[in-house]
file entry_35.txt (compact mmCIF, C-alpha atoms and all ligand atoms)
# COMPACT_ATOMS: atom_id res chain seq x y z
CA MET A 23 0.00 0.00 0.00
CA ALA A 24 2.94 2.34 0.67
CA ARG A 25 4.03 2.16 -2.97
CA MET A 26 0.48 2.84 -4.17
CA LEU A 27 0.29 5.86 -1.90
CA LYS A 28 3.51 7.26 -3.33
CA THR A 29 2.32 6.76 -6.91
CA ILE A 30 -1.01 8.45 -6.26
CA LEU A 31 0.53 11.44 -4.54
CA SER A 32 3.07 11.90 -7.33
CA GLN A 33 0.25 11.91 -9.93
CA THR A 34 -1.63 14.69 -8.17
CA LEU A 35 1.00 16.92 -6.58
CA ALA A 36 4.11 18.60 -7.97
CA ALA A 37 7.15 16.31 -7.81
CA GLU A 38 8.73 18.30 -4.97
CA GLU A 39 5.51 18.39 -2.97
CA ALA A 40 4.98 14.64 -3.33
CA ALA A 41 8.61 13.93 -2.42
CA SER A 42 8.21 15.85 0.83
CA LEU A 43 5.43 13.41 1.85
CA TYR A 44 7.09 10.15 0.82
CA SER A 45 8.65 9.00 4.07
CA SER A 46 6.18 10.75 6.30
CA PHE A 47 3.24 8.40 6.58
CA ASP A 48 2.26 5.41 8.69
CA ILE A 49 -0.30 2.85 7.56
CA ILE A 50 -2.04 1.20 10.51
CA GLY A 51 -4.79 -1.22 9.48
CA ASN A 52 -7.05 0.87 7.23
CA VAL A 53 -5.91 4.21 8.65
CA VAL A 54 -3.25 6.46 7.12
CA ILE A 55 -1.41 8.95 9.36
CA ILE A 56 0.54 11.50 7.36
CA LYS A 57 2.87 14.33 8.36
CA ILE A 58 2.08 17.31 6.17
CA PRO A 59 4.78 19.97 5.92
CA GLU A 60 3.80 23.60 6.63
CA ALA A 61 4.19 24.48 2.94
CA LEU A 62 1.40 22.00 2.07
CA ALA A 63 -0.95 22.90 4.94
CA ALA A 64 -3.46 24.50 2.56
CA LYS A 65 -3.68 21.20 0.63
CA LYS A 66 -4.22 19.06 3.74
CA LYS A 67 -7.86 18.15 3.04
CA LEU A 68 -7.12 17.57 -0.65
CA ILE A 69 -4.29 15.17 0.22
CA GLY A 70 -6.62 13.34 2.64
CA LYS A 71 -9.35 13.05 0.00
CA ILE A 72 -6.96 11.76 -2.67
CA ILE A 73 -5.70 9.04 -0.34
CA LEU A 74 -9.22 8.09 0.72
CA ASP A 75 -10.66 8.03 -2.80
CA GLU A 76 -7.81 6.25 -4.52
CA ILE A 77 -6.75 3.58 -2.05
CA LYS A 78 -9.63 1.22 -1.45
CA PRO A 79 -8.85 -0.31 1.96
CA VAL A 80 -8.24 3.13 3.52
CA LYS A 81 -11.18 4.28 5.67
CA SER A 82 -9.61 7.23 7.52
CA VAL A 83 -6.83 9.74 7.05
CA PHE A 84 -5.30 11.76 9.91
CA ALA A 85 -2.60 14.43 9.83
CA GLN A 86 -0.01 14.17 12.58
CA VAL A 87 0.07 17.65 14.14
CA SER A 88 2.52 17.10 16.98
CA SER A 89 5.44 14.84 17.70
CA VAL A 90 5.09 12.06 20.26
CA LYS A 91 5.03 13.66 23.72
CA GLY A 92 4.13 13.38 27.41
CA ASP A 93 4.45 10.43 29.80
CA TYR A 94 2.12 8.33 27.67
CA ARG A 95 4.05 9.15 24.45
CA LEU A 96 0.99 10.26 22.46
CA ARG A 97 0.97 12.05 19.12
CA GLY A 98 -1.49 14.82 18.18
CA LEU A 99 -3.75 13.86 15.28
CA GLU A 100 -6.13 15.94 13.17
CA HIS A 101 -8.83 14.15 11.23
CA ILE A 102 -8.64 15.13 7.54
CA ALA A 103 -10.73 12.56 5.63
CA GLY A 104 -13.06 9.56 6.05
CA GLU A 105 -14.21 7.99 9.31
CA LYS A 106 -13.18 9.62 12.60
CA ASP A 107 -12.76 6.42 14.60
CA THR A 108 -9.24 6.09 16.04
CA LEU A 109 -9.69 2.57 17.41
CA VAL A 110 -8.03 0.47 14.74
CA GLU A 111 -7.44 -3.22 14.08
CA TYR A 112 -3.89 -4.10 13.11
CA LYS A 113 -2.15 -7.40 12.29
CA GLU A 114 1.52 -8.16 12.77
CA HIS A 115 3.57 -11.38 12.82
CA GLY A 116 0.45 -13.55 13.05
CA CYS A 117 -1.07 -11.55 15.93
CA LYS A 118 -4.11 -9.26 15.98
CA PHE A 119 -4.17 -5.99 17.88
CA LYS A 120 -6.65 -3.29 18.67
CA VAL A 121 -4.85 0.03 19.00
CA ASP A 122 -6.14 3.45 20.01
CA LEU A 123 -4.29 6.00 17.89
CA ILE A 124 -5.25 8.97 20.10
CA ASN A 125 -5.02 7.60 23.65
CA THR A 126 -2.17 5.09 23.39
CA TYR A 127 1.26 4.93 21.79
CA PHE A 128 1.57 2.74 18.74
CA SER A 129 4.05 2.62 15.85
CA PRO A 130 4.12 0.09 13.00
CA ARG A 131 7.76 1.15 12.46
CA LEU A 132 8.89 -1.10 15.32
CA SER A 133 7.60 -4.24 13.59
CA THR A 134 11.07 -5.55 12.60
CA GLU A 135 12.40 -4.97 16.11
CA ARG A 136 9.39 -6.77 17.63
CA LEU A 137 10.13 -9.86 15.53
CA ARG A 138 13.89 -9.68 16.21
CA LEU A 139 13.35 -9.67 19.98
CA ALA A 140 10.66 -12.36 19.86
CA ASN A 141 13.09 -14.59 17.94
CA LEU A 142 15.66 -14.26 20.73
CA VAL A 143 13.30 -15.57 23.42
CA SER A 144 13.37 -19.22 24.40
CA ASP A 145 10.34 -21.24 25.43
CA TYR A 146 10.39 -21.13 29.23
CA GLU A 147 11.62 -17.57 29.67
CA VAL A 148 10.11 -14.99 31.98
CA VAL A 149 10.22 -11.51 30.44
CA THR A 150 9.51 -8.05 31.87
CA ASN A 151 8.36 -5.46 29.33
CA MET A 152 8.74 -2.24 31.35
CA PHE A 153 7.02 0.11 28.86
CA ALA A 154 4.62 -2.20 27.10
CA GLY A 155 1.95 0.03 25.52
CA VAL A 156 -0.94 -2.01 24.08
CA GLY A 157 1.10 -5.20 24.45
CA THR A 158 2.65 -5.65 21.01
CA PHE A 159 6.15 -6.87 21.96
CA SER A 160 4.76 -8.95 24.86
CA ILE A 161 1.99 -10.68 22.91
CA ILE A 162 4.16 -11.54 19.89
CA MET A 163 6.72 -13.13 22.25
CA ALA A 164 4.05 -15.10 24.11
CA ARG A 165 2.42 -16.31 20.88
CA MET A 166 5.73 -17.47 19.42
CA HIS A 167 6.86 -19.27 22.61
CA SER A 168 4.16 -21.38 24.19
CA HIS A 169 5.55 -21.36 27.77
CA CYS A 170 6.98 -17.84 27.85
CA LYS A 171 5.47 -15.53 30.48
CA VAL A 172 5.60 -11.73 30.21
CA PHE A 173 5.04 -9.05 32.86
CA SER A 174 3.69 -6.29 30.63
CA ILE A 175 3.77 -2.97 32.48
CA ASP A 176 2.48 0.44 31.41
CA ILE A 177 1.57 3.64 33.22
CA ASN A 178 -1.25 4.54 30.79
CA PRO A 179 -4.61 2.98 31.82
CA ALA A 180 -5.90 3.01 28.21
CA ALA A 181 -2.82 1.08 27.06
CA VAL A 182 -3.16 -1.53 29.83
CA GLU A 183 -6.86 -2.01 29.05
CA LEU A 184 -6.00 -2.68 25.40
CA SER A 185 -3.08 -4.92 26.39
CA GLN A 186 -5.54 -7.07 28.36
CA TYR A 187 -7.99 -7.07 25.45
CA ASN A 188 -5.25 -7.92 22.92
CA SER A 189 -3.86 -10.69 25.13
CA LYS A 190 -7.32 -12.34 25.14
CA LEU A 191 -7.71 -11.76 21.40
CA ASN A 192 -4.51 -13.75 20.83
CA GLY A 193 -5.18 -16.41 23.47
CA VAL A 194 -2.21 -15.52 25.68
CA GLU A 195 -3.99 -13.79 28.59
CA SER A 196 -2.78 -16.41 31.09
CA ARG A 197 0.87 -15.69 30.20
CA VAL A 198 0.86 -11.94 29.41
CA ILE A 199 0.26 -10.28 32.75
CA SER A 200 -0.83 -6.70 31.96
CA ILE A 201 -0.02 -4.46 34.92
CA LEU A 202 -0.97 -0.79 35.36
CA GLY A 203 1.62 1.43 37.04
CA ASP A 204 5.03 3.02 37.02
CA ALA A 205 7.56 0.32 36.10
CA ARG A 206 9.79 1.47 38.97
CA ASP A 207 7.08 0.79 41.59
CA ILE A 208 5.73 -2.37 40.02
CA ILE A 209 9.15 -4.03 39.73
CA ALA A 210 10.17 -3.04 43.28
CA LYS A 211 6.88 -4.22 44.84
CA GLU A 212 5.66 -7.09 42.64
CA THR A 213 7.98 -8.53 40.02
CA ARG A 214 11.60 -8.14 41.12
CA SER A 215 14.21 -10.90 40.53
CA GLN A 216 11.88 -13.00 38.34
CA SER A 217 12.92 -12.28 34.75
CA ASP A 218 15.42 -13.74 32.30
CA ARG A 219 14.97 -10.80 29.95
CA VAL A 220 13.87 -7.16 30.27
CA LEU A 221 12.65 -4.82 27.52
CA MET A 222 13.03 -1.04 27.92
CA PRO A 223 11.23 0.40 24.84
CA LEU A 224 11.11 4.01 26.07
CA PRO A 225 14.16 5.55 24.35
CA GLU A 226 13.64 9.05 25.76
CA LYS A 227 13.87 7.91 29.39
CA ALA A 228 15.21 4.34 29.56
CA HIS A 229 18.49 5.59 31.07
CA GLU A 230 16.56 6.70 34.19
CA TYR A 231 15.29 3.14 34.77
CA VAL A 232 18.45 1.05 34.38
CA ASP A 233 18.52 0.16 38.11
CA CYS A 234 14.88 -1.07 37.90
CA ALA A 235 15.62 -3.17 34.82
CA VAL A 236 18.50 -4.86 36.65
CA GLN A 237 16.28 -5.35 39.71
CA ALA A 238 13.74 -7.18 37.51
CA LEU A 239 16.36 -9.74 36.41
CA LYS A 240 16.78 -13.09 38.18
CA ASP A 241 19.66 -13.28 40.67
CA ARG A 242 21.84 -15.08 38.12
CA GLY A 243 21.46 -12.11 35.72
CA GLY A 244 20.00 -11.87 32.23
CA ILE A 245 19.53 -9.84 29.07
CA ILE A 246 18.30 -6.25 28.88
CA HIS A 247 17.18 -4.65 25.62
CA TYR A 248 18.09 -1.04 26.19
CA PHE A 249 16.55 1.56 23.83
CA ALA A 250 17.96 5.06 23.43
CA HIS A 251 18.10 8.04 21.11
CA VAL A 252 21.54 9.06 19.89
CA LYS A 253 22.81 11.85 17.69
CA ALA A 254 25.16 10.85 14.88
CA ILE A 255 26.18 11.98 11.38
CA GLY A 256 25.13 8.65 9.84
CA LYS A 257 23.77 5.19 10.60
CA LYS A 258 27.21 3.60 11.04
CA TYR A 259 28.22 6.21 13.59
CA ALA A 260 24.86 5.82 15.34
CA VAL A 261 25.74 2.20 16.21
CA GLU A 262 29.10 3.31 17.64
CA GLN A 263 27.32 6.01 19.62
CA SER A 264 24.73 3.49 20.79
CA LEU A 265 27.44 1.21 22.23
CA LEU A 266 29.06 4.12 24.07
CA ASP A 267 25.70 5.27 25.38
CA ALA A 268 24.73 1.79 26.64
CA LYS A 269 28.14 1.25 28.28
CA SER A 270 27.81 4.54 30.08
CA ALA A 271 24.21 3.81 31.22
CA PHE A 272 25.29 0.41 32.63
CA SER A 273 28.69 1.53 33.98
CA ASN A 274 27.77 0.46 37.53
CA TYR A 275 27.20 -3.14 36.48
CA ASP A 276 29.19 -6.14 35.27
CA THR A 277 28.00 -6.43 31.66
CA GLU A 278 28.65 -7.94 28.23
CA VAL A 279 27.28 -6.18 25.19
CA HIS A 280 25.86 -8.74 22.75
CA PHE A 281 24.53 -6.58 19.93
CA SER A 282 23.50 -3.07 18.94
CA ARG A 283 21.54 -1.73 16.00
CA VAL A 284 19.70 1.28 14.64
CA VAL A 285 15.96 0.71 14.93
CA ARG A 286 15.03 3.78 12.88
CA GLU A 287 15.89 7.36 12.09
CA VAL A 288 13.65 9.66 14.17
CA GLY A 289 14.90 13.08 13.04
CA PRO A 290 17.75 14.77 11.25
CA ARG A 291 20.89 13.04 12.58
CA LEU A 292 18.86 11.50 15.40
CA TYR A 293 18.49 7.72 15.66
CA GLN A 294 16.53 5.32 17.81
CA VAL A 295 18.94 2.53 18.76
CA VAL A 296 18.76 -0.66 20.79
CA THR A 297 21.53 -2.53 22.59
CA ASP A 298 21.24 -6.10 23.88
CA ILE A 299 23.29 -6.20 27.04
CA TYR A 300 23.86 -9.14 29.41
CA VAL A 301 24.02 -8.08 33.07
CA HIS A 302 25.68 -10.34 35.69
CA LYS A 303 24.22 -9.72 39.15
C1 LIG B 401 7.36 4.39 23.26
S1 LIG B 401 5.98 3.67 24.06
C2 LIG B 401 6.31 1.96 23.74
C3 LIG B 401 5.08 1.14 23.72
C4 LIG B 401 5.24 -0.29 23.21
N1 LIG B 401 6.39 -0.96 23.74
C5 LIG B 401 5.22 -0.35 21.71
O1 LIG B 401 6.24 -0.55 21.08
O2 LIG B 401 4.14 -0.17 21.16
C6 LIG B 401 6.38 3.85 25.73
C7 LIG B 401 5.28 3.43 26.69
O3 LIG B 401 5.81 3.59 28.01
C8 LIG B 401 4.76 4.01 28.86
N2 LIG B 401 5.43 4.61 30.04
C9 LIG B 401 6.01 5.83 30.15
N3 LIG B 401 6.56 5.98 31.38
C10 LIG B 401 6.33 4.81 32.05
C11 LIG B 401 6.67 4.33 33.35
N4 LIG B 401 7.34 5.09 34.21
N5 LIG B 401 6.30 3.08 33.70
C12 LIG B 401 5.59 2.29 32.84
N6 LIG B 401 5.23 2.70 31.61
C13 LIG B 401 5.60 3.93 31.20
C14 LIG B 401 3.92 4.94 28.02
O4 LIG B 401 2.61 5.04 28.50
C15 LIG B 401 4.01 4.27 26.63
O5 LIG B 401 2.92 3.41 26.41

call {"tool": "encode", "arguments": {"input": "entry_35.txt", "output": "structure tokens", "more": "lines below"}}
Ligand SMILES: C[S@@+](CC[C@H](N)C(=O)[O-])C[C@H]1O[C@@H](n2cnc3c(N)ncnc32)[C@H](O)[C@@H]1O
result
Amino acid sequence: MARMLKTILSQTLAAEEAASLYSSFDIIGNVVIIKIPEALAAKKKLIGKIILDEIKPVKSVFAQVSSVKGDYRLRGLEHIAGEKDTLVEYKEHGCKFKVDLINTYFSPRLSTERLRLANLVSDYEVVTNMFAGVGTFSIIMARMHSHCKVFSIDINPAAVELSQYNSKLNGVESRVISILGDARDIIAKETRSQSDRVLMPLPEKAHEYVDCAVQALKDRGGIIHYFAHVKAIGKKYAVEQSLLDAKSAFSNYDTEVHFSRVVREVGPRLYQVVTDIYVHK
């Protein structure tokens, strides 16, 4: 559908205008979210209508009017065409999800990373997902590994409600434990020293929670997937920067870095990165 969208926009808009929209849309189920540059603001509704009319499965088009912000990591959306409903069905890696595009965080751009991490899990692992959103990472792991159990924590009540719903939808509700609260409190009070693996998919703030992630690991230690944002002049340098950043964040611990990669570019010379780091306790 992404290719179709590009073709349609290039048929209707000037080449430069269309090019400015190419990498700026997300397709989530039958909803398109598009970032429209200031210079094209006057054509916002037209762009919405073209997408809606020309691409059959699309039922709604929203313009993204703010970057992701706040504790719940929500993006501002403006409805520009079609249905206004922001509760959307989405499929990924054999799982079904209901996501709320206004009240919860969700990005299809993490799909590759979700599969990569799920492939690293082994069958009887216990996992803590500290910033779990609507349950995507957690549910994919639980579906792919029939005895894997995941503590799936989020501070946003709307996200936890959907995580519970999605866990049932995928038949993993007995093994994905959706917990509402601040990961720091929940780990300290309820889930400490139980996990083989910890996910920290909150790149803006993960560095503040390193001690909690380590606390969640079993006493023999385990793997932490540490997400961060780093500045770099190119992708190759972003990986180098990522390794330095992770080493610094875990400098108080006995660690082995297993792997690091760029998840995606999130701004000019700004990259979301992830490092897999083994912590001995
Ligand atoms: C970037 S989103 C990641 C969501 C999910 N892992 C995904 O990929 O869809 C970060 C999530 O962390 C949650 N969050 C922020 N601070 C938190 C905290 N202190 N404890 C638990 N969850 C938190 C937000 O509500 C948000 O859903």

call {"tool": "closest_residue", "arguments": {"input": "entry_35.txt", "among": "A:Ile55, A:Ile199, A:Met222, A:Val149", "to": "ligand LIG 401 (chain B)", "atoms": "all atoms listed in the file"}}
result
A:Met222

call {"tool": "residues_near_ligand", "arguments": {"input": "entry_35.txt", "ligand": "ligand LIG 401 (chain B)", "cutoff": "10 Å", "atoms": "all atoms listed in the file", "output": "ChimeraX atom specification"}}
result
/A:90-96,121,125-133,135-136,151-160,174-182,201-209,221-228,230-231,249

call {"tool": "write_last_selection", "arguments": {"input": "entry_35.txt", "atoms": "C-alpha atoms", "output": "short mmCIF file (atom, residue, chain, number, x, y, z; two decimals), in the frame of the given file"}}
result
data_model
loop_
_atom_site.label_atom_id
_atom_site.label_comp_id
_atom_site.auth_asym_id
_atom_site.auth_seq_id
_atom_site.Cartn_x
_atom_site.Cartn_y
_atom_site.Cartn_z
CA VAL A 90 5.09 12.06 20.26
CA LYS A 91 5.03 13.66 23.72
CA GLY A 92 4.13 13.38 27.41
CA ASP A 93 4.45 10.43 29.80
CA TYR A 94 2.12 8.33 27.67
CA ARG A 95 4.05 9.15 24.45
CA LEU A 96 0.99 10.26 22.46
CA VAL A 121 -4.85 0.03 19.00
CA ASN A 125 -5.02 7.60 23.65
CA THR A 126 -2.17 5.09 23.39
CA TYR A 127 1.26 4.93 21.79
CA PHE A 128 1.57 2.74 18.74
CA SER A 129 4.05 2.62 15.85
CA PRO A 130 4.12 0.09 13.00
CA ARG A 131 7.76 1.15 12.46
CA LEU A 132 8.89 -1.10 15.32
CA SER A 133 7.60 -4.24 13.59
CA GLU A 135 12.40 -4.97 16.11
CA ARG A 136 9.39 -6.77 17.63
CA ASN A 151 8.36 -5.46 29.33
CA MET A 152 8.74 -2.24 31.35
CA PHE A 153 7.02 0.11 28.86
CA ALA A 154 4.62 -2.20 27.10
CA GLY A 155 1.95 0.03 25.52
CA VAL A 156 -0.94 -2.01 24.08
CA GLY A 157 1.10 -5.20 24.45
CA THR A 158 2.65 -5.65 21.01
CA PHE A 159 6.15 -6.87 21.96
CA SER A 160 4.76 -8.95 24.86
CA SER A 174 3.69 -6.29 30.63
CA ILE A 175 3.77 -2.97 32.48
CA ASP A 176 2.48 0.44 31.41
CA ILE A 177 1.57 3.64 33.22
CA ASN A 178 -1.25 4.54 30.79
CA PRO A 179 -4.61 2.98 31.82
CA ALA A 180 -5.90 3.01 28.21
CA ALA A 181 -2.82 1.08 27.06
CA VAL A 182 -3.16 -1.53 29.83
CA ILE A 201 -0.02 -4.46 34.92
CA LEU A 202 -0.97 -0.79 35.36
CA GLY A 203 1.62 1.43 37.04
CA ASP A 204 5.03 3.02 37.02
CA ALA A 205 7.56 0.32 36.10
CA ARG A 206 9.79 1.47 38.97
CA ASP A 207 7.08 0.79 41.59
CA ILE A 208 5.73 -2.37 40.02
CA ILE A 209 9.15 -4.03 39.73
CA LEU A 221 12.65 -4.82 27.52
CA MET A 222 13.03 -1.04 27.92
CA PRO A 223 11.23 0.40 24.84
CA LEU A 224 11.11 4.01 26.07
CA PRO A 225 14.16 5.55 24.35
CA GLU A 226 13.64 9.05 25.76
CA LYS A 227 13.87 7.91 29.39
CA ALA A 228 15.21 4.34 29.56
CA GLU A 230 16.56 6.70 34.19
CA TYR A 231 15.29 3.14 34.77
CA PHE A 249 16.55 1.56 23.83
#

call {"tool": "residues_around", "arguments": {"input": "entry_35.txt", "residues": "Gln186 in chain A", "least_positions_apart": "3", "cutoff": "6 Å", "atoms": "only C-alpha atoms", "output": "PyMOL selection string"}}
result
chain A and resi 183+189+200

call {"tool": "residues_near_point", "arguments": {"input": "entry_35.txt", "point": "(24.2, 2.3, 37.1)", "cutoff": "9 Å", "atoms": "all atoms listed in the file", "output": "ChimeraX atom specification"}}
result
/A:229,232-233,270-275

call {"tool": "atom_distance", "arguments": {"input": "entry_35.txt", "atom1": "CA of Thr108 in chain A", "atom2": "CA of Ile72 in chain A"}}
result
19.7 Å

call {"tool": "residues_near_point", "arguments": {"input": "entry_35.txt", "point": "(1.0, 1.6, 9.9)", "cutoff": "12 Å", "atoms": "all atoms listed in the file", "output": "list of chain:residue names"}}
result
A:Met23, A:Ala24, A:Ser46, A:Phe47, A:Asp48, A:Ile49, A:Ile50, A:Gly51, A:Asn52, A:Val53, A:Val54, A:Ile55, A:Ile56, A:Val80, A:Val83, A:Phe84, A:Val110, A:Glu111, A:Tyr112, A:Lys113, A:Glu114, A:Val121, A:Leu123, A:Phe128, A:Ser129, A:Pro130, A:Arg131, A:Leu132, A:Ser133

call {"tool": "atom_distance", "arguments": {"input": "entry_35.txt", "atom1": "CA of Ser144 in chain A", "atom2": "CA of Asp267 in chain A"}}
result
27.4 Å

call {"tool": "residues_around", "arguments": {"input": "entry_35.txt", "residues": "Ile162 in chain A", "least_positions_apart": "4", "cutoff": "8 Å", "atoms": "all atoms listed in the file", "output": "ChimeraX atom specification"}}
result
/A:115,117,136-137,140,158,166

call {"tool": "write_last_selection", "arguments": {"input": "entry_35.txt", "atoms": "C-alpha atoms", "output": "PDB file, in the frame of the given file"}}
result
ATOM      1  CA  HIS A 115       3.570 -11.380  12.820  1.00  0.00           C
ATOM      2  CA  CYS A 117      -1.070 -11.550  15.930  1.00  0.00           C
ATOM      3  CA  ARG A 136       9.390  -6.770  17.630  1.00  0.00           C
ATOM      4  CA  LEU A 137      10.130  -9.860  15.530  1.00  0.00           C
ATOM      5  CA  ALA A 140      10.660 -12.360  19.860  1.00  0.00           C
ATOM      6  CA  THR A 158       2.650  -5.650  21.010  1.00  0.00           C
ATOM      7  CA  MET A 166       5.730 -17.470  19.420  1.00  0.00           C
TER       8      MET A 166
END

call {"tool": "residues_around", "arguments": {"input": "entry_35.txt", "residues": "Ser217 in chain A", "least_positions_apart": "4", "cutoff": "8 Å", "atoms": "only C-alpha atoms", "output": "PyMOL selection string"}}
result
chain A and resi 147-150+238-240+244

call {"tool": "atom_distance", "arguments": {"input": "entry_35.txt", "atom1": "CA of Lys66 in chain A", "atom2": "CA of Val288 in chain A"}}
result
22.7 Å

call {"tool": "axis_aligned_box", "arguments": {"input": "entry_35.txt", "around": "range 251-257 of chain A", "padding_each_side": "4 Å", "output": "JSON"}}
result
{"center_x": 22.1, "center_y": 8.6, "center_z": 15.5, "size_x": 16.1, "size_y": 14.8, "size_z": 19.3}

call {"tool": "closest_residue", "arguments": {"input": "entry_35.txt", "among": "A:Leu74, A:Leu142, A:Ala235, A:Leu266", "to": "Lys253 in chain A", "atoms": "only C-alpha atoms"}}
result
A:Leu266

call {"tool": "closest_residue", "arguments": {"input": "entry_35.txt", "among": "A:Arg214, A:Lys71, A:Arg283, A:His167", "to": "Val198 in chain A", "atoms": "all atoms listed in the file"}}
result
A:His167

call {"tool": "closest_residue", "arguments": {"input": "entry_35.txt", "among": "A:Asp145, A:Phe119, A:Ala210, A:Val252", "to": "Leu191 in chain A", "atoms": "only C-alpha atoms"}}
result
A:Phe119

call {"tool": "closest_residue", "arguments": {"input": "entry_35.txt", "among": "A:Glu195, A:Ala61, A:Ile246, A:Ala268", "to": "Arg219 in chain A", "atoms": "only C-alpha atoms"}}
result
A:Ile246

call {"tool": "decode", "arguments": {"input": "entry_35.txt", "residues": "range 175-207 of chain A", "atoms": "C-alpha atoms", "output": "mmCIF file, in the first residue's frame"}}
result
data_model
loop_
_atom_site.group_PDB
_atom_site.id
_atom_site.type_symbol
_atom_site.label_atom_id
_atom_site.label_comp_id
_atom_site.auth_asym_id
_atom_site.auth_seq_id
_atom_site.Cartn_x
_atom_site.Cartn_y
_atom_site.Cartn_z
ATOM 1 C CA ILE A 175 3.767 -2.967 32.479
ATOM 2 C CA ASP A 176 2.480 0.436 31.407
ATOM 3 C CA ILE A 177 1.573 3.641 33.217
ATOM 4 C CA ASN A 178 -1.254 4.544 30.785
ATOM 5 C CA PRO A 179 -4.614 2.977 31.822
ATOM 6 C CA ALA A 180 -5.900 3.012 28.206
ATOM 7 C CA ALA A 181 -2.819 1.076 27.061
ATOM 8 C CA VAL A 182 -3.164 -1.529 29.827
ATOM 9 C CA GLU A 183 -6.862 -2.007 29.049
ATOM 10 C CA LEU A 184 -6.001 -2.678 25.397
ATOM 11 C CA SER A 185 -3.078 -4.918 26.386
ATOM 12 C CA GLN A 186 -5.544 -7.068 28.358
ATOM 13 C CA TYR A 187 -7.991 -7.069 25.446
ATOM 14 C CA ASN A 188 -5.248 -7.923 22.920
ATOM 15 C CA SER A 189 -3.859 -10.691 25.128
ATOM 16 C CA LYS A 190 -7.323 -12.341 25.139
ATOM 17 C CA LEU A 191 -7.707 -11.761 21.397
ATOM 18 C CA ASN A 192 -4.506 -13.745 20.832
ATOM 19 C CA GLY A 193 -5.185 -16.413 23.470
ATOM 20 C CA VAL A 194 -2.205 -15.517 25.681
ATOM 21 C CA GLU A 195 -3.986 -13.790 28.595
ATOM 22 C CA SER A 196 -2.779 -16.410 31.094
ATOM 23 C CA ARG A 197 0.870 -15.689 30.198
ATOM 24 C CA VAL A 198 0.862 -11.945 29.408
ATOM 25 C CA ILE A 199 0.261 -10.279 32.755
ATOM 26 C CA SER A 200 -0.830 -6.700 31.962
ATOM 27 C CA ILE A 201 -0.020 -4.456 34.921
ATOM 28 C CA LEU A 202 -0.967 -0.791 35.359
ATOM 29 C CA GLY A 203 1.617 1.427 37.040
ATOM 30 C CA ASP A 204 5.030 3.019 37.017
ATOM 31 C CA ALA A 205 7.565 0.318 36.096
ATOM 32 C CA ARG A 206 9.789 1.475 38.970
ATOM 33 C CA ASP A 207 7.082 0.792 41.594
#
